[in-house]
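Text of start-v1.csv (CSV, C-alpha atoms (C1' of nucleotides)) as supplied:
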chain,number,residue,atom,x,y,z
A,29,MET,CA,-2.1,15.2,-7.8
A,30,GLU,CA,1.5,15.0,-6.7
A,31,LYS,CA,3.2,11.6,-6.6
A,32,SER,CA,4.0,11.6,-2.9
A,33,ASN,CA,0.3,12.3,-2.2
A,34,ALA,CA,-0.7,9.4,-4.6
A,35,VAL,CA,1.7,7.0,-2.7
A,36,LYS,CA,0.2,8.1,0.6
A,37,SER,CA,-3.3,7.6,-0.7
A,38,LEU,CA,-2.5,4.2,-2.1
A,39,THR,CA,-0.7,3.1,1.1
A,40,ALA,CA,-3.9,4.1,3.0
A,41,LEU,CA,-6.1,2.0,0.7
A,42,ALA,CA,-3.7,-1.0,0.7
A,43,GLN,CA,-5.0,-2.4,3.9
A,44,GLU,CA,-8.1,-4.5,4.2
A,45,SER,CA,-9.8,-2.6,7.1
A,46,ARG,CA,-9.1,0.8,5.6
A,47,LEU,CA,-10.3,-0.3,2.1
A,48,ASP,CA,-13.5,-1.5,3.7
A,49,ILE,CA,-13.9,1.8,5.6
A,50,PHE,CA,-13.2,3.9,2.6
A,51,ARG,CA,-15.6,1.9,0.4
A,52,LEU,CA,-18.4,2.1,3.0
A,53,LEU,CA,-17.9,5.9,3.2
A,54,VAL,CA,-17.9,6.1,-0.6
A,55,ARG,CA,-21.4,4.5,-0.5
A,56,LYS,CA,-22.6,6.7,2.3
A,57,GLY,CA,-22.1,10.0,0.5
A,58,LYS,CA,-21.7,13.3,2.2
A,59,THR,CA,-23.8,12.2,5.2
A,60,GLY,CA,-20.8,10.1,6.3
A,61,MET,CA,-20.5,8.1,9.6
A,62,ALA,CA,-19.3,8.7,13.1
A,63,ALA,CA,-16.0,7.1,14.3
A,64,GLY,CA,-17.9,5.1,16.9
A,65,GLU,CA,-20.5,3.9,14.4
A,66,LEU,CA,-17.7,2.7,12.1
A,67,SER,CA,-16.0,1.0,15.0
A,68,ASP,CA,-19.2,-0.9,15.9
A,69,TYR,CA,-20.0,-1.6,12.3
A,70,PHE,CA,-16.7,-3.4,11.6
A,71,GLY,CA,-16.2,-4.8,15.1
A,72,LEU,CA,-12.8,-3.0,15.5
A,73,PRO,CA,-11.5,-1.6,18.7
A,74,LYS,CA,-11.8,2.2,19.0
A,75,ALA,CA,-8.1,2.7,19.0
A,76,THR,CA,-7.6,0.6,15.9
A,77,MET,CA,-10.4,2.5,14.1
A,78,SER,CA,-9.0,5.8,15.1
A,79,PHE,CA,-5.6,4.8,13.8
A,80,HIS,CA,-7.1,3.8,10.4
A,81,LEU,CA,-9.3,7.0,10.2
A,82,LYS,CA,-6.2,9.1,10.8
A,83,GLU,CA,-4.3,7.4,8.0
A,84,LEU,CA,-7.2,7.9,5.6
A,85,THR,CA,-7.6,11.5,6.7
A,86,ASN,CA,-3.9,12.3,6.4
A,87,ALA,CA,-3.9,10.9,2.9
A,88,GLY,CA,-6.8,13.2,2.0
A,89,LEU,CA,-9.2,10.4,1.1
A,90,ILE,CA,-11.7,11.3,3.8
A,91,THR,CA,-12.7,14.4,5.7
A,92,ALA,CA,-13.6,14.8,9.4
A,93,ARG,CA,-16.1,17.2,10.9
A,94,ARG,CA,-17.4,17.5,14.4
A,95,LYS,CA,-21.2,17.1,15.0
A,96,SER,CA,-22.0,17.4,18.7
A,97,ARG,CA,-19.9,14.8,20.6
A,98,SER,CA,-19.2,12.7,17.5
A,99,ILE,CA,-16.7,13.1,14.7
A,100,ILE,CA,-18.3,12.4,11.3
A,101,TYR,CA,-16.1,11.0,8.5
A,102,ALA,CA,-17.0,11.2,4.9
A,103,ALA,CA,-15.3,10.3,1.6
A,104,ASN,CA,-13.4,13.1,-0.2
A,105,TYR,CA,-14.7,12.6,-3.8
A,106,ASP,CA,-12.4,15.2,-5.3
A,107,ASN,CA,-9.3,13.6,-4.1
A,108,MET,CA,-10.6,10.1,-4.9
A,109,ASN,CA,-11.1,11.2,-8.5
A,110,ALA,CA,-7.7,13.0,-8.6
A,111,LEU,CA,-6.0,9.7,-7.5
A,112,ILE,CA,-7.8,7.8,-10.3
A,113,ASN,CA,-6.8,10.4,-12.9
A,114,PHE,CA,-3.2,10.2,-11.7
A,115,LEU,CA,-3.2,6.4,-12.2
A,116,VAL,CA,-4.5,6.5,-15.8
A,117,GLU,CA,-2.8,9.8,-16.8
A,118,ASN,CA,-1.5,9.9,-20.4
A,119,CYS,CA,-2.8,6.4,-21.0
A,120,CYS,CA,-1.2,4.9,-24.2
A,121,SER,CA,0.1,8.3,-25.3
A,122,ASP,CA,3.5,6.7,-26.2
A,123,ASN,CA,1.6,4.3,-28.5
A,124,GLY,CA,-0.2,6.8,-30.6
A,125,GLY,CA,-3.2,6.9,-28.2
A,126,LYS,CA,-4.0,3.3,-29.2
A,127,CYS,CA,-4.8,1.2,-26.2
B,17,MET,CA,-12.8,-7.8,-8.6
B,18,GLU,CA,-12.4,-9.5,-5.2
B,19,LYS,CA,-11.3,-7.6,-2.2
B,20,SER,CA,-8.1,-9.6,-1.6
B,21,ASN,CA,-7.1,-8.9,-5.2
B,22,ALA,CA,-7.8,-5.2,-4.7
B,23,VAL,CA,-5.6,-5.0,-1.6
B,24,LYS,CA,-2.8,-6.8,-3.5
B,25,SER,CA,-3.1,-4.3,-6.4
B,26,LEU,CA,-3.1,-1.3,-4.1
B,27,THR,CA,-0.2,-2.7,-2.1
B,28,ALA,CA,1.7,-3.0,-5.4
B,29,LEU,CA,1.0,0.5,-6.4
B,30,ALA,CA,1.7,2.0,-2.9
B,31,GLN,CA,5.4,2.2,-3.5
B,32,GLU,CA,7.1,5.0,-5.3
B,33,SER,CA,9.2,2.9,-7.7
B,34,ARG,CA,6.4,0.6,-8.6
B,35,LEU,CA,4.0,3.5,-9.1
B,36,ASP,CA,6.5,5.1,-11.5
B,37,ILE,CA,6.9,1.8,-13.3
B,38,PHE,CA,3.2,1.2,-13.6
B,39,ARG,CA,2.5,4.7,-14.8
B,40,LEU,CA,5.2,4.5,-17.4
B,41,LEU,CA,3.8,1.2,-18.7
B,42,VAL,CA,0.3,2.8,-18.8
B,43,ARG,CA,1.7,5.4,-21.1
B,44,LYS,CA,3.6,2.8,-23.2
B,45,GLY,CA,0.5,0.9,-24.2
B,46,LYS,CA,0.6,-2.7,-25.3
B,47,THR,CA,4.1,-2.3,-26.8
B,48,GLY,CA,5.4,-2.4,-23.2
B,49,MET,CA,9.1,-2.4,-22.2
B,50,ALA,CA,11.7,-4.9,-21.4
B,51,ALA,CA,12.9,-5.5,-17.8
B,52,GLY,CA,16.4,-4.3,-18.6
B,53,GLU,CA,15.1,-1.2,-20.3
B,54,LEU,CA,13.0,-0.3,-17.2
B,55,SER,CA,16.0,-1.0,-15.0
B,56,ASP,CA,18.2,1.4,-17.1
B,57,TYR,CA,15.4,4.0,-17.4
B,58,PHE,CA,14.9,4.3,-13.6
B,59,GLY,CA,18.5,3.6,-12.6
B,60,LEU,CA,17.5,0.7,-10.4
B,61,PRO,CA,19.5,-2.4,-9.9
B,62,LYS,CA,18.3,-5.4,-11.9
B,63,ALA,CA,17.4,-7.4,-8.8
B,64,THR,CA,15.4,-4.5,-7.4
B,65,MET,CA,13.5,-4.0,-10.6
B,66,SER,CA,12.8,-7.7,-10.9
B,67,PHE,CA,11.4,-7.7,-7.4
B,68,HIS,CA,9.1,-4.8,-8.2
B,69,LEU,CA,8.0,-6.3,-11.6
B,70,LYS,CA,7.1,-9.5,-9.8
B,71,GLU,CA,5.0,-7.7,-7.3
B,72,LEU,CA,3.1,-5.8,-10.1
B,73,THR,CA,2.7,-9.0,-12.1
B,74,ASN,CA,1.4,-11.0,-9.1
B,75,ALA,CA,-1.1,-8.3,-8.4
B,76,GLY,CA,-2.3,-8.6,-12.0
B,77,LEU,CA,-1.5,-5.0,-12.9
B,78,ILE,CA,1.0,-5.9,-15.6
B,79,THR,CA,1.6,-8.8,-17.9
B,80,ALA,CA,4.9,-10.4,-18.9
B,81,ARG,CA,5.7,-12.0,-22.3
B,82,ARG,CA,9.0,-13.2,-23.7
B,83,LYS,CA,10.4,-11.7,-26.8
B,84,SER,CA,13.7,-13.3,-27.7
B,85,ARG,CA,16.0,-12.9,-24.8
B,86,SER,CA,14.0,-10.1,-23.2
B,87,ILE,CA,10.9,-10.2,-21.1
B,88,ILE,CA,8.5,-7.5,-22.1
B,89,TYR,CA,6.2,-6.0,-19.5
B,90,ALA,CA,3.0,-4.1,-20.3
B,91,ALA,CA,0.1,-2.7,-18.3
B,92,ASN,CA,-3.0,-4.8,-17.9
B,93,TYR,CA,-5.7,-2.3,-18.7
B,94,ASP,CA,-8.7,-4.6,-17.9
B,95,ASN,CA,-7.4,-5.2,-14.3
B,96,MET,CA,-6.6,-1.5,-13.9
B,97,ASN,CA,-10.1,-0.6,-14.8
B,98,ALA,CA,-11.5,-3.3,-12.5
B,99,LEU,CA,-9.6,-1.9,-9.6
B,100,ILE,CA,-10.9,1.6,-10.3
B,101,ASN,CA,-14.4,0.3,-10.5
B,102,PHE,CA,-14.0,-1.6,-7.3
B,103,LEU,CA,-13.0,1.7,-5.5
B,104,VAL,CA,-15.9,3.7,-6.7
B,105,GLU,CA,-18.5,0.9,-6.6
B,106,ASN,CA,-22.0,1.9,-5.4
B,107,CYS,CA,-20.8,5.5,-5.0
B,108,CYS,CA,-23.3,7.4,-2.8
B,109,SER,CA,-26.0,4.7,-3.2
B,110,ASP,CA,-26.8,5.0,0.5
B,111,ASN,CA,-27.5,8.7,0.0
B,112,GLY,CA,-30.1,8.4,-2.7
B,113,GLY,CA,-27.4,8.5,-5.4
B,114,LYS,CA,-26.7,12.1,-4.6
B,115,CYS,CA,-22.9,12.8,-4.3
C,7,DT,C1',-19.0,22.2,37.7
C,8,DC,C1',-19.4,17.3,37.7
C,9,DT,C1',-20.5,13.2,35.1
C,10,DA,C1',-21.2,10.7,31.0
C,11,DT,C1',-19.9,10.1,26.3
C,12,DA,C1',-16.9,10.1,22.1
C,13,DT,C1',-12.6,9.9,20.2
C,14,DT,C1',-7.7,10.1,20.2
C,15,DT,C1',-2.8,9.4,21.8
C,16,DC,C1',0.7,6.5,24.0
C,17,DC,C1',3.4,2.6,23.8
C,18,DA,C1',5.0,-2.0,23.6
C,19,DT,C1',4.5,-6.0,20.7
C,20,DT,C1',4.2,-8.4,16.5
C,21,DA,C1',4.3,-8.7,11.6
C,22,DT,C1',5.4,-7.4,6.9
C,23,DA,C1',8.1,-5.0,3.0
C,24,DA,C1',12.3,-2.9,0.5
C,25,DT,C1',17.1,-3.2,-0.9
C,26,DC,C1',20.7,-5.1,-3.8
C,27,DG,C1',25.2,-7.9,-4.5
C,28,DA,C1',26.2,-12.4,-5.8
C,29,DA,C1',24.9,-16.7,-7.7
C,30,DA,C1',21.7,-19.3,-10.5
C,31,DT,C1',18.5,-19.9,-14.4
C,32,DG,C1',17.0,-19.6,-19.0
C,33,DT,C1',17.7,-18.1,-24.1
C,34,DT,C1',20.0,-16.9,-28.3
C,35,DT,C1',23.9,-16.8,-31.4
C,36,DT,C1',28.2,-18.4,-33.3
D,4,DA,C1',28.7,-26.9,-27.1
D,5,DA,C1',30.4,-22.7,-25.5
D,6,DA,C1',30.1,-17.8,-24.8
D,7,DA,C1',27.2,-13.8,-24.3
D,8,DC,C1',23.2,-11.8,-22.8
D,9,DA,C1',18.7,-11.0,-20.0
D,10,DT,C1',16.4,-11.8,-16.1
D,11,DT,C1',15.3,-14.0,-11.7
D,12,DT,C1',16.2,-16.1,-7.1
D,13,DC,C1',18.7,-16.2,-2.7
D,14,DG,C1',19.7,-14.3,1.6
D,15,DA,C1',21.1,-11.0,4.9
D,16,DT,C1',20.2,-6.3,6.4
D,17,DT,C1',17.4,-2.4,7.3
D,18,DA,C1',13.1,0.0,7.6
D,19,DT,C1',8.2,0.6,8.1
D,20,DA,C1',3.3,-0.6,9.5
D,21,DA,C1',-0.7,-2.9,12.3
D,22,DT,C1',-2.7,-4.0,16.7
D,23,DG,C1',-5.2,-2.9,20.9
D,24,DG,C1',-5.4,-1.9,26.2
D,25,DA,C1',-5.0,1.8,29.2
D,26,DA,C1',-4.6,6.7,29.9
D,27,DA,C1',-5.5,11.3,28.2
D,28,DT,C1',-8.2,14.8,25.8
D,29,DA,C1',-12.4,17.1,24.4
D,30,DT,C1',-17.4,18.1,24.2
D,31,DA,C1',-22.3,17.8,25.9
D,32,DG,C1',-25.8,17.7,29.1
D,33,DA,C1',-27.7,17.6,34.1

Will you turn the file into structure tokens for me?
Amino acid sequence: MEKSNAVKSLTALAQESRLDIFRLLVRKGKTGMAAGELSDYFGLPKATMSFHLKELTNAGLITARRKSRSIIYAANYDNMNALINFLVENCCSDNGGKC
Amino acid sequence: MEKSNAVKSLTALAQESRLDIFRLLVRKGKTGMAAGELSDYFGLPKATMSFHLKELTNAGLITARRKSRSIIYAANYDNMNALINFLVENCCSDNGGKC
DNA sequence: TCTATATTTCCATTATAATCGAAATGTTTT
DNA sequence: AAAACATTTCGATTATAATGGAAATATAGA
């Protein structure tokens, strides 16, 4: 993962509502949830939810797919893992690998 | 890890200089690096570096210890791992554990 | 095609964060 | 106790992000 992408992802997660949304989608698996469902679930206005979903999508942390009238959002596990690997990369390598 | 702590940690990491600093300290292991060394290494003014180190410290991502005249900063691996676990907690549990 | 439904964009308002020179604080050495 | 060194705090400036109602866009079903 590139650094600019990592900063974008971390910025997306560094906000209480978006962290809640992401963690719920992480639990939900590939089934995901519709934008309106998420809006109802968290009691957030649709415009606010849409803004947050866009931030998470632009960061690559979640994906969007249309299903009939709804748009279903789901966690992007590959990018989530890439972000985590970026954070711990070369852990303690300058200390002889001893952590 | 509590959610408010997670948001604080992610906010701390969601900034290019601080992400660089943290990742360097992750590589350095418990030996760590002095504030002034970090300031020289990244070419940042001492006041700016101090501000960023405080943010990372308040978030619990790094620790500070005095060694003679210098203050040595080092990654807090326990809290780093706690943050990662918080992000992936109950992954896919609402989808029968299938990711 | 017309209506209902789902989501997004627009935009104005409000709130929060980053930057860094200069001054202040704390520590060691002579 | 004074000088030298290391880091932090102060404070003014500049930049970026969150919020949500109303209007716009897009799809589905009668």

Can you pull out every residue within 10 Å of DT11 of chain D, counting all atoms listed in the file, but drop anything in the same chain fewer than 5 positions away, and send it as a list in words?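 That gives Lys62, Ala63, Ser66, Phe67 and Lys70 of chain B; DA30, DT31 and DG32 of chain C.
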
Just need chain B moved onto chain A: least-squares over all Cα atoms matched in order, then output as a compact mmCIF listing (two decimals) with C-alpha atoms, keeping the file's coordinate frame.
# COMPACT_ATOMS: atom_id res chain seq x y z
CA MET B 17 -2.10 15.29 -7.79
CA GLU B 18 1.56 14.96 -6.73
CA LYS B 19 3.26 11.65 -6.65
CA SER B 20 4.01 11.67 -2.90
CA ASN B 21 0.32 12.32 -2.26
CA ALA B 22 -0.61 9.44 -4.55
CA VAL B 23 1.67 6.99 -2.73
CA LYS B 24 0.18 8.13 0.61
CA SER B 25 -3.38 7.57 -0.73
CA LEU B 26 -2.55 4.15 -2.11
CA THR B 27 -0.73 3.18 1.07
CA ALA B 28 -3.91 4.12 2.96
CA LEU B 29 -6.10 2.08 0.78
CA ALA B 30 -3.72 -0.97 0.68
CA GLN B 31 -5.03 -2.37 3.90
CA GLU B 32 -8.09 -4.49 4.20
CA SER B 33 -9.78 -2.60 7.06
CA ARG B 34 -9.12 0.78 5.60
CA LEU B 35 -10.30 -0.32 2.17
CA ASP B 36 -13.56 -1.54 3.73
CA ILE B 37 -13.90 1.73 5.60
CA PHE B 38 -13.23 3.85 2.57
CA ARG B 39 -15.60 1.89 0.39
CA LEU B 40 -18.35 2.11 2.94
CA LEU B 41 -17.90 5.89 3.19
CA VAL B 42 -17.99 6.09 -0.65
CA ARG B 43 -21.37 4.48 -0.53
CA LYS B 44 -22.54 6.72 2.38
CA GLY B 45 -22.08 9.94 0.48
CA LYS B 46 -21.61 13.26 2.20
CA THR B 47 -23.77 12.18 5.17
CA GLY B 48 -20.75 10.12 6.32
CA MET B 49 -20.55 8.16 9.61
CA ALA B 50 -19.30 8.73 13.04
CA ALA B 51 -16.07 7.10 14.31
CA GLY B 52 -17.92 5.08 16.92
CA GLU B 53 -20.47 3.91 14.39
CA LEU B 54 -17.67 2.66 12.06
CA SER B 55 -15.98 1.00 15.02
CA ASP B 56 -19.25 -0.86 15.94
CA TYR B 57 -20.05 -1.65 12.28
CA PHE B 58 -16.68 -3.39 11.63
CA GLY B 59 -16.18 -4.75 15.14
CA LEU B 60 -12.84 -3.02 15.51
CA PRO B 61 -11.50 -1.60 18.68
CA LYS B 62 -11.84 2.17 18.99
CA ALA B 63 -8.09 2.74 19.03
CA THR B 64 -7.65 0.62 15.91
CA MET B 65 -10.36 2.44 14.05
CA SER B 66 -8.98 5.80 15.09
CA PHE B 67 -5.59 4.80 13.77
CA HIS B 68 -7.06 3.79 10.43
CA LEU B 69 -9.28 6.96 10.18
CA LYS B 70 -6.20 9.06 10.78
CA GLU B 71 -4.31 7.37 8.05
CA LEU B 72 -7.23 7.89 5.55
CA THR B 73 -7.64 11.49 6.67
CA ASN B 74 -3.90 12.27 6.35
CA ALA B 75 -3.91 10.83 2.89
CA GLY B 76 -6.78 13.17 2.02
CA LEU B 77 -9.20 10.38 1.13
CA ILE B 78 -11.71 11.29 3.82
CA THR B 79 -12.70 14.38 5.70
CA ALA B 80 -13.55 14.76 9.38
CA ARG B 81 -16.09 17.23 10.87
CA ARG B 82 -17.47 17.46 14.39
CA LYS B 83 -21.11 17.09 15.02
CA SER B 84 -21.88 17.42 18.70
CA ARG B 85 -19.88 14.86 20.53
CA SER B 86 -19.22 12.73 17.46
CA ILE B 87 -16.72 13.14 14.69
CA ILE B 88 -18.27 12.42 11.35
CA TYR B 89 -16.13 11.00 8.58
CA ALA B 90 -17.02 11.15 4.88
CA ALA B 91 -15.26 10.32 1.63
CA ASN B 92 -13.47 13.08 -0.21
CA TYR B 93 -14.70 12.55 -3.73
CA ASP B 94 -12.48 15.25 -5.39
CA ASN B 95 -9.27 13.58 -4.02
CA MET B 96 -10.57 10.13 -4.98
CA ASN B 97 -11.08 11.25 -8.49
CA ALA B 98 -7.67 12.93 -8.57
CA LEU B 99 -6.00 9.74 -7.55
CA ILE B 100 -7.81 7.81 -10.27
CA ASN B 101 -6.81 10.36 -12.81
CA PHE B 102 -3.25 10.27 -11.66
CA LEU B 103 -3.17 6.43 -12.28
CA VAL B 104 -4.52 6.56 -15.75
CA GLU B 105 -2.80 9.80 -16.82
CA ASN B 106 -1.48 9.90 -20.41
CA CYS B 107 -2.82 6.37 -20.96
CA CYS B 108 -1.16 4.89 -24.09
CA SER B 109 0.09 8.32 -25.28
CA ASP B 110 3.43 6.75 -26.20
CA ASN B 111 1.60 4.31 -28.47
CA GLY B 112 -0.20 6.82 -30.62
CA GLY B 113 -3.16 6.85 -28.20
CA LYS B 114 -4.05 3.35 -29.20
CA CYS B 115 -4.78 1.11 -26.13

With the cut-off set at 12 Å and counting only C-alpha atoms (C1' of nucleotides), tabulate each residue of chain C with an atom at most that distance from an atom of chain A, showing the nearest atom pair and its distance in Å to one decimal, ordered by chain and increasing number, as JSON lines.
{"residue": "C:DA10", "atom": "C1'", "partner": "A:Arg97", "partner_atom": "CA", "distance": 11.3}
{"residue": "C:DT11", "atom": "C1'", "partner": "A:Arg97", "partner_atom": "CA", "distance": 7.4}
{"residue": "C:DA12", "atom": "C1'", "partner": "A:Ser98", "partner_atom": "CA", "distance": 5.8}
{"residue": "C:DT13", "atom": "C1'", "partner": "A:Ala63", "partner_atom": "CA", "distance": 7.4}
{"residue": "C:DT14", "atom": "C1'", "partner": "A:Ser78", "partner_atom": "CA", "distance": 6.8}
{"residue": "C:DT15", "atom": "C1'", "partner": "A:Ala75", "partner_atom": "CA", "distance": 9.0}
{"residue": "C:DC16", "atom": "C1'", "partner": "A:Ala75", "partner_atom": "CA", "distance": 10.8}
{"residue": "C:DT22", "atom": "C1'", "partner": "A:Gln43", "partner_atom": "CA", "distance": 11.9}

Pairwise distance for atom C1' of DA6 of chain D and atom C1' of DA29 of chain C, rounded to one decimal in Å: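 Straight-line distance from atom C1' of DA6 of chain D to atom C1' of DA29 of chain C works out to 17.9 Å.
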
Could you please determine the separation between atom CA of Ser67 of chain A and atom CA of His80 of chain A in Å, to one decimal place?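 Computing it gives 10.4 Å between the two atoms.
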
Any chance you could tabulate, as a Markdown table, the residues of chain D at most 9 Å from chain B with each one's nearest atom pair and distance in Å to one decimal, using all atoms listed in the file, in chain and rising number order?
| residue | atom | partner | partner_atom | distance |
| --- | --- | --- | --- | --- |
| D:DC8 | C1' | B:Arg85 | CA | 7.6 |
| D:DA9 | C1' | B:Ser86 | CA | 5.8 |
| D:DT10 | C1' | B:Ala51 | CA | 7.4 |
| D:DT11 | C1' | B:Ser66 | CA | 6.8 |
| D:DT12 | C1' | B:Ala63 | CA | 8.9 |

How far is it from atom CA of Asn74 of chain B to atom CA of Thr27 of chain B, in Å with one decimal?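 Separation between atom CA of Asn74 of chain B and atom CA of Thr27 of chain B: 11.0 Å.
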
Tell me, counting all atoms listed in the file, for each residue of chain B within 12 Å of chain A, which pair of atoms is nearest and how far apart they are in Å to one decimal, in rows ordered by chain and increasing number, as a Markdown table.
| residue | atom | partner | partner_atom | distance |
| --- | --- | --- | --- | --- |
| B:Glu18 | CA | A:Glu44 | CA | 11.5 |
| B:Lys19 | CA | A:Glu44 | CA | 7.8 |
| B:Ser20 | CA | A:Glu44 | CA | 7.7 |
| B:Asn21 | CA | A:Glu44 | CA | 10.4 |
| B:Ala22 | CA | A:Ala42 | CA | 8.0 |
| B:Val23 | CA | A:Ala42 | CA | 5.0 |
| B:Lys24 | CA | A:Ala42 | CA | 7.2 |
| B:Ser25 | CA | A:Ala42 | CA | 7.9 |
| B:Leu26 | CA | A:Ala42 | CA | 4.8 |
| B:Thr27 | CA | A:Ala42 | CA | 4.8 |
| B:Ala28 | CA | A:Ala42 | CA | 8.4 |
| B:Leu29 | CA | A:Leu38 | CA | 6.7 |
| B:Ala30 | CA | A:Thr39 | CA | 4.8 |
| B:Gln31 | CA | A:Val35 | CA | 6.1 |
| B:Glu32 | CA | A:Val35 | CA | 6.3 |
| B:Ser33 | CA | A:Val35 | CA | 9.9 |
| B:Arg34 | CA | A:Val35 | CA | 9.9 |
| B:Leu35 | CA | A:Val35 | CA | 7.6 |
| B:Asp36 | CA | A:Lys31 | CA | 8.8 |
| B:Ile37 | CA | A:Leu115 | CA | 11.2 |
| B:Phe38 | CA | A:Leu115 | CA | 8.4 |
| B:Arg39 | CA | A:Leu115 | CA | 6.5 |
| B:Leu40 | CA | A:Cys119 | CA | 9.0 |
| B:Leu41 | CA | A:Cys120 | CA | 8.3 |
| B:Val42 | CA | A:Cys119 | CA | 5.2 |
| B:Arg43 | CA | A:Cys120 | CA | 4.3 |
| B:Lys44 | CA | A:Asp122 | CA | 4.9 |
| B:Gly45 | CA | A:Cys120 | CA | 4.3 |
| B:Lys46 | CA | A:Cys127 | CA | 6.7 |
| B:Thr47 | CA | A:Asn123 | CA | 7.3 |
| B:Gly48 | CA | A:Asn123 | CA | 9.3 |
| B:Met49 | CA | A:Asp122 | CA | 11.4 |
| B:Ala75 | CA | A:Ala42 | CA | 12.0 |
| B:Leu77 | CA | A:Leu115 | CA | 11.5 |
| B:Ala90 | CA | A:Cys120 | CA | 10.7 |
| B:Ala91 | CA | A:Cys120 | CA | 9.7 |
| B:Asn92 | CA | A:Cys127 | CA | 10.4 |
| B:Tyr93 | CA | A:Cys127 | CA | 8.3 |
| B:Asp94 | CA | A:Cys127 | CA | 10.9 |
| B:Met96 | CA | A:Val116 | CA | 8.5 |
| B:Asn97 | CA | A:Val116 | CA | 9.1 |
| B:Ala98 | CA | A:Ile112 | CA | 11.9 |
| B:Leu99 | CA | A:Ile112 | CA | 9.9 |
| B:Ile100 | CA | A:Ile112 | CA | 6.9 |
| B:Asn101 | CA | A:Ile112 | CA | 10.0 |
| B:Phe102 | CA | A:Arg51 | CA | 8.6 |
| B:Leu103 | CA | A:Arg51 | CA | 6.5 |
| B:Val104 | CA | A:Val54 | CA | 6.9 |
| B:Glu105 | CA | A:Arg51 | CA | 7.6 |
| B:Asn106 | CA | A:Arg55 | CA | 5.6 |
| B:Cys107 | CA | A:Arg55 | CA | 4.6 |
| B:Cys108 | CA | A:Arg55 | CA | 4.2 |
| B:Ser109 | CA | A:Arg55 | CA | 5.3 |
| B:Asp110 | CA | A:Lys56 | CA | 4.9 |
| B:Asn111 | CA | A:Gly57 | CA | 5.6 |
| B:Gly112 | CA | A:Gly57 | CA | 8.8 |
| B:Gly113 | CA | A:Gly57 | CA | 8.1 |
| B:Lys114 | CA | A:Gly57 | CA | 7.2 |
| B:Cys115 | CA | A:Gly57 | CA | 5.6 |

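Here the question is which of C:DT19, C:DT25, C:DT9, C:DT33 gets nearest to DT22 of chain D using all atoms listed in the file, and that residue is C:DT19.
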
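Of the listed residues (D:DA25, D:DA5, D:DT19, D:DC13), D:DT19 comes nearest to DA24 of chain C; the distances count all atoms listed in the file.
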
In file coordinates, which residues lie within 7 Å of (4.9, -5.9, 10.6) using all atoms listed in the file, given as number ranges by chain? C: 20-22; D: 20-21
